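Here is entry-v8.pdb, consisting of PDB, C-alpha atoms, pLDDT in the B column:
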```
ATOM      1  CA  MET A   1      68.959  -8.206  77.405  1.00 62.00           C
ATOM      2  CA  ASN A   2      66.442 -10.713  78.695  1.00 70.00           C
ATOM      3  CA  VAL A   3      64.223  -9.460  81.491  1.00 70.00           C
ATOM      4  CA  ASN A   4      62.502 -11.782  83.912  1.00 74.00           C
ATOM      5  CA  THR A   5      58.890 -10.629  84.132  1.00 81.00           C
ATOM      6  CA  LYS A   6      58.928 -11.530  87.819  1.00 84.00           C
ATOM      7  CA  SER A   7      61.493  -8.787  88.411  1.00 88.00           C
ATOM      8  CA  LEU A   8      59.337  -5.925  87.054  1.00 94.00           C
ATOM      9  CA  VAL A   9      58.221  -3.354  89.613  1.00 95.00           C
ATOM     10  CA  SER A  10      56.334  -0.090  89.157  1.00 95.00           C
ATOM     11  CA  ILE A  11      58.090   3.041  90.342  1.00 96.00           C
ATOM     12  CA  THR A  12      55.273   3.645  92.824  1.00 96.00           C
ATOM     13  CA  GLU A  13      55.684   0.189  94.337  1.00 95.00           C
ATOM     14  CA  ALA A  14      59.483   0.566  94.421  1.00 96.00           C
ATOM     15  CA  ASN A  15      59.088   3.884  96.223  1.00 95.00           C
ATOM     16  CA  GLN A  16      56.701   2.451  98.794  1.00 97.00           C
ATOM     17  CA  ASN A  17      58.412  -0.914  99.270  1.00 95.00           C
ATOM     18  CA  PHE A  18      62.095  -0.778  98.367  1.00 95.00           C
ATOM     19  CA  SER A  19      62.811  -3.865 100.447  1.00 95.00           C
ATOM     20  CA  LYS A  20      60.744  -5.813  97.884  1.00 94.00           C
ATOM     21  CA  VAL A  21      63.009  -4.495  95.115  1.00 95.00           C
ATOM     22  CA  ALA A  22      66.106  -5.518  97.076  1.00 95.00           C
ATOM     23  CA  ARG A  23      64.614  -8.985  97.633  1.00 94.00           C
ATOM     24  CA  LEU A  24      63.922  -9.328  93.890  1.00 93.00           C
ATOM     25  CA  VAL A  25      67.540  -8.439  93.129  1.00 93.00           C
ATOM     26  CA  ASP A  26      68.714 -11.042  95.638  1.00 94.00           C
ATOM     27  CA  GLU A  27      66.454 -13.699  94.109  1.00 92.00           C
ATOM     28  CA  ASN A  28      66.687 -12.870  90.384  1.00 89.00           C
ATOM     29  CA  GLY A  29      69.973 -10.993  90.063  1.00 88.00           C
ATOM     30  CA  SER A  30      68.260  -7.781  88.946  1.00 90.00           C
ATOM     31  CA  ALA A  31      65.068  -5.766  89.099  1.00 93.00           C
ATOM     32  CA  VAL A  32      63.571  -3.446  86.499  1.00 94.00           C
ATOM     33  CA  ILE A  33      61.625  -0.432  87.676  1.00 95.00           C
ATOM     34  CA  LEU A  34      58.904   0.738  85.318  1.00 95.00           C
ATOM     35  CA  LYS A  35      57.857   4.351  84.896  1.00 95.00           C
ATOM     36  CA  ASN A  36      54.596   4.798  82.978  1.00 95.00           C
ATOM     37  CA  ASN A  37      54.742   1.068  82.141  1.00 92.00           C
ATOM     38  CA  VAL A  38      58.095   1.512  80.361  1.00 93.00           C
ATOM     39  CA  PRO A  39      61.362   0.034  81.710  1.00 92.00           C
ATOM     40  CA  ARG A  40      63.279   2.963  83.135  1.00 94.00           C
ATOM     41  CA  TYR A  41      65.733   1.757  85.794  1.00 94.00           C
ATOM     42  CA  LEU A  42      67.778  -1.394  86.257  1.00 93.00           C
ATOM     43  CA  ILE A  43      68.862  -2.408  89.751  1.00 93.00           C
ATOM     44  CA  VAL A  44      71.675  -4.970  90.016  1.00 91.00           C
ATOM     45  CA  GLU A  45      73.992  -6.188  92.754  1.00 89.00           C
ATOM     46  CA  PHE A  46      77.098  -4.037  93.133  1.00 87.00           C
ATOM     47  CA  SER A  47      79.396  -7.060  92.746  1.00 83.00           C
ATOM     48  CA  GLN A  48      77.869  -7.720  89.319  1.00 79.00           C
ATOM     49  CA  VAL A  49      78.936  -4.268  88.112  1.00 74.00           C
ATOM     50  CA  GLU A  50      82.443  -4.715  89.495  1.00 69.00           C
ATOM     51  CA  ASN A  51      82.825  -8.009  87.609  1.00 66.00           C
ATOM     52  CA  GLU A  52      81.683  -6.440  84.346  1.00 65.00           C
ATOM     53  CA  GLU A  53      84.121  -3.536  84.706  1.00 63.00           C
ATOM     54  CA  PHE A  54      87.046  -5.920  85.085  1.00 63.00           C
ATOM     55  CA  ALA A  55      85.881  -7.977  82.137  1.00 58.00           C
ATOM     56  CA  ASN A  56      85.756  -4.859  79.970  1.00 66.00           C
ATOM     57  CA  ASP A  57      89.319  -3.934  80.949  1.00 68.00           C
ATOM     58  CA  GLU A  58      90.464  -7.458  80.081  1.00 67.00           C
ATOM     59  CA  ASP A  59      88.699  -7.263  76.728  1.00 75.00           C
ATOM     60  CA  VAL A  60      90.480  -4.001  75.899  1.00 75.00           C
ATOM     61  CA  MET A  61      93.845  -5.529  76.789  1.00 79.00           C
ATOM     62  CA  SER A  62      93.269  -8.642  74.686  1.00 83.00           C
ATOM     63  CA  ILE A  63      92.113  -6.561  71.705  1.00 79.00           C
ATOM     64  CA  SER A  64      95.153  -4.280  72.079  1.00 82.00           C
ATOM     65  CA  LYS A  65      97.532  -7.246  72.157  1.00 85.00           C
ATOM     66  CA  ARG A  66      95.889  -8.773  69.087  1.00 84.00           C
ATOM     67  CA  LEU A  67      96.136  -5.507  67.127  1.00 83.00           C
ATOM     68  CA  ILE A  68      99.777  -5.027  68.099  1.00 85.00           C
ATOM     69  CA  GLU A  69     100.616  -8.553  66.948  1.00 87.00           C
ATOM     70  CA  LYS A  70      98.651  -8.118  63.717  1.00 86.00           C
ATOM     71  CA  ASN A  71     100.331  -4.791  62.884  1.00 84.00           C
ATOM     72  CA  LYS A  72     103.740  -5.469  64.382  1.00 83.00           C
ATOM     73  CA  GLU A  73     105.622  -4.495  61.213  1.00 82.00           C
ATOM     74  CA  ALA A  74     103.826  -1.149  60.980  1.00 82.00           C
ATOM     75  CA  TYR A  75     104.623  -0.374  64.630  1.00 75.00           C
ATOM     76  CA  GLU A  76     108.298  -1.236  64.065  1.00 80.00           C
ATOM     77  CA  VAL A  77     108.473   1.126  61.068  1.00 79.00           C
ATOM     78  CA  LEU A  78     106.778   3.888  63.044  1.00 78.00           C
ATOM     79  CA  ALA A  79     109.201   3.374  65.931  1.00 78.00           C
ATOM     80  CA  LYS A  80     112.196   4.236  63.715  1.00 76.00           C
TER
END
```

Turn the structure described in the file into structure tokens.
Amino acid sequence: MNVNTKSLVSITEANQNFSKVARLVDENGSAVILKNNVPRYLIVEFSQVENEEFANDEDVMSISKRLIEKNKEAYEVLAK
């Protein structure tokens, strides 16, 4: 994952000025909150998470269809 250095915020600053964190998310798509100078938390827009969940479901369906097609004969034998 690539992290924009402009979206790094210390946990102290995030605690004192959360509106700045929200603004960074609006501008950069995400913000990383550092704890002891180590990335600890990732803040993203809620819609971004929703889109990724649907993509994962679609990936599972496409993989399932491909495996069924690839092993169709084995499934037919098992169905008997």

Residues returned when the PyMOL selection byres ((chain A and resi 34) around 12) runs on this file, as a PDB file with C-alpha atoms, in the frame of the given file:
```
ATOM      1  CA  THR A   5      58.890 -10.629  84.132  1.00 81.00           C
ATOM      2  CA  SER A   7      61.493  -8.787  88.411  1.00 88.00           C
ATOM      3  CA  LEU A   8      59.337  -5.925  87.054  1.00 94.00           C
ATOM      4  CA  VAL A   9      58.221  -3.354  89.613  1.00 95.00           C
ATOM      5  CA  SER A  10      56.334  -0.090  89.157  1.00 95.00           C
ATOM      6  CA  ILE A  11      58.090   3.041  90.342  1.00 96.00           C
ATOM      7  CA  THR A  12      55.273   3.645  92.824  1.00 96.00           C
ATOM      8  CA  GLU A  13      55.684   0.189  94.337  1.00 95.00           C
ATOM      9  CA  ALA A  14      59.483   0.566  94.421  1.00 96.00           C
ATOM     10  CA  ASN A  15      59.088   3.884  96.223  1.00 95.00           C
ATOM     11  CA  VAL A  21      63.009  -4.495  95.115  1.00 95.00           C
ATOM     12  CA  ALA A  31      65.068  -5.766  89.099  1.00 93.00           C
ATOM     13  CA  VAL A  32      63.571  -3.446  86.499  1.00 94.00           C
ATOM     14  CA  ILE A  33      61.625  -0.432  87.676  1.00 95.00           C
ATOM     15  CA  LYS A  35      57.857   4.351  84.896  1.00 95.00           C
ATOM     16  CA  ASN A  36      54.596   4.798  82.978  1.00 95.00           C
ATOM     17  CA  ASN A  37      54.742   1.068  82.141  1.00 92.00           C
ATOM     18  CA  VAL A  38      58.095   1.512  80.361  1.00 93.00           C
ATOM     19  CA  PRO A  39      61.362   0.034  81.710  1.00 92.00           C
ATOM     20  CA  ARG A  40      63.279   2.963  83.135  1.00 94.00           C
ATOM     21  CA  TYR A  41      65.733   1.757  85.794  1.00 94.00           C
ATOM     22  CA  LEU A  42      67.778  -1.394  86.257  1.00 93.00           C
ATOM     23  CA  ILE A  43      68.862  -2.408  89.751  1.00 93.00           C
TER      24      ILE A  43
END
```

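When atom CA of Asp26 of chain A is paired with atom CA of Asn4 of chain A, their separation reads 13.3 Å.
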
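Rounded to one decimal, atom CA of Asn28 of chain A and atom CA of Lys6 of chain A lie 8.3 Å from each other.
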
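Computed from the coordinates, the atom CA of Val25 of chain A to atom CA of Val44 of chain A distance equals 6.2 Å.
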
Next item on the list: Could you check which of A:Val3, A:Val77, A:Gly29, A:Lys20 is closest to Gln48 of chain A, using all atoms listed in the file?
Entry: A:Gly29

Reconstruct all heavy atoms of segment 60-71 of chain A from the incomplete input and present them as a CSV table (one decimal), in the coordinates of the input.
```csv
chain,number,residue,atom,x,y,z
A,60,VAL,N,89.7,-5.0,76.5
A,60,VAL,CA,90.5,-4.0,75.9
A,60,VAL,C,91.9,-4.5,75.8
A,60,VAL,O,92.6,-4.3,74.7
A,60,VAL,CB,90.4,-2.7,76.7
A,60,VAL,CG1,91.4,-1.7,76.2
A,60,VAL,CG2,89.0,-2.1,76.6
A,61,MET,N,92.5,-5.1,76.8
A,61,MET,CA,93.8,-5.5,76.8
A,61,MET,C,94.0,-6.6,75.7
A,61,MET,O,95.0,-6.6,75.0
A,61,MET,CB,94.3,-6.0,78.2
A,61,MET,CG,94.4,-4.9,79.2
A,61,MET,SD,95.6,-3.7,78.7
A,61,MET,CE,97.1,-4.6,78.8
A,62,SER,N,93.1,-7.6,75.7
A,62,SER,CA,93.3,-8.6,74.7
A,62,SER,C,93.1,-8.1,73.3
A,62,SER,O,93.9,-8.5,72.4
A,62,SER,CB,92.3,-9.8,74.9
A,62,SER,OG,90.9,-9.3,74.8
A,63,ILE,N,92.3,-7.2,73.0
A,63,ILE,CA,92.1,-6.6,71.7
A,63,ILE,C,93.4,-5.8,71.4
A,63,ILE,O,93.9,-5.9,70.2
A,63,ILE,CB,90.9,-5.6,71.6
A,63,ILE,CG1,89.6,-6.5,71.7
A,63,ILE,CG2,90.9,-4.8,70.4
A,63,ILE,CD1,88.3,-5.7,71.9
A,64,SER,N,93.9,-5.0,72.3
A,64,SER,CA,95.2,-4.3,72.1
A,64,SER,C,96.3,-5.2,71.7
A,64,SER,O,97.0,-4.9,70.8
A,64,SER,CB,95.5,-3.5,73.3
A,64,SER,OG,94.6,-2.5,73.6
A,65,LYS,N,96.5,-6.3,72.4
A,65,LYS,CA,97.5,-7.2,72.2
A,65,LYS,C,97.4,-7.8,70.8
A,65,LYS,O,98.3,-8.0,70.0
A,65,LYS,CB,97.6,-8.4,73.2
A,65,LYS,CG,98.1,-7.9,74.5
A,65,LYS,CD,98.1,-9.0,75.6
A,65,LYS,CE,98.5,-8.5,76.9
A,65,LYS,NZ,98.4,-9.5,78.0
A,66,ARG,N,96.1,-8.2,70.4
A,66,ARG,CA,95.9,-8.8,69.1
A,66,ARG,C,96.2,-7.8,68.0
A,66,ARG,O,96.9,-8.1,67.0
A,66,ARG,CB,94.4,-9.2,69.0
A,66,ARG,CG,94.2,-10.0,67.7
A,66,ARG,CD,92.7,-10.5,67.6
A,66,ARG,NE,91.9,-9.4,67.2
A,66,ARG,CZ,90.8,-8.9,67.9
A,66,ARG,NH1,90.5,-9.5,69.0
A,66,ARG,NH2,90.1,-7.9,67.5
A,67,LEU,N,95.8,-6.5,68.1
A,67,LEU,CA,96.1,-5.5,67.1
A,67,LEU,C,97.6,-5.2,67.0
A,67,LEU,O,98.2,-5.0,65.9
A,67,LEU,CB,95.4,-4.2,67.4
A,67,LEU,CG,93.9,-4.2,67.2
A,67,LEU,CD1,93.2,-3.0,67.7
A,67,LEU,CD2,93.5,-4.5,65.8
A,68,ILE,N,98.3,-5.2,68.1
A,68,ILE,CA,99.8,-5.0,68.1
A,68,ILE,C,100.4,-6.2,67.4
A,68,ILE,O,101.3,-5.9,66.5
A,68,ILE,CB,100.3,-4.9,69.5
A,68,ILE,CG1,99.9,-3.5,70.1
A,68,ILE,CG2,101.9,-5.0,69.5
A,68,ILE,CD1,100.2,-3.3,71.6
A,69,GLU,N,100.0,-7.4,67.6
A,69,GLU,CA,100.6,-8.6,66.9
A,69,GLU,C,100.3,-8.5,65.5
A,69,GLU,O,101.2,-8.8,64.6
A,69,GLU,CB,100.1,-9.9,67.6
A,69,GLU,CG,100.7,-10.2,68.9
A,69,GLU,CD,102.2,-10.4,68.9
A,69,GLU,OE1,102.7,-11.0,67.9
A,69,GLU,OE2,102.9,-9.8,69.8
A,70,LYS,N,99.1,-8.2,65.1
A,70,LYS,CA,98.7,-8.1,63.7
A,70,LYS,C,99.4,-7.0,62.9
A,70,LYS,O,99.7,-7.2,61.8
A,70,LYS,CB,97.1,-7.8,63.7
A,70,LYS,CG,96.6,-7.8,62.3
A,70,LYS,CD,95.1,-7.6,62.3
A,70,LYS,CE,94.5,-7.5,60.9
A,70,LYS,NZ,93.1,-7.2,60.9
A,71,ASN,N,99.7,-5.9,63.6
A,71,ASN,CA,100.3,-4.8,62.9
A,71,ASN,C,101.7,-4.5,63.4
A,71,ASN,O,102.2,-3.4,63.4
A,71,ASN,CB,99.5,-3.5,63.1
A,71,ASN,CG,98.1,-3.7,62.5
A,71,ASN,OD1,97.9,-4.0,61.4
A,71,ASN,ND2,97.1,-3.5,63.4
```
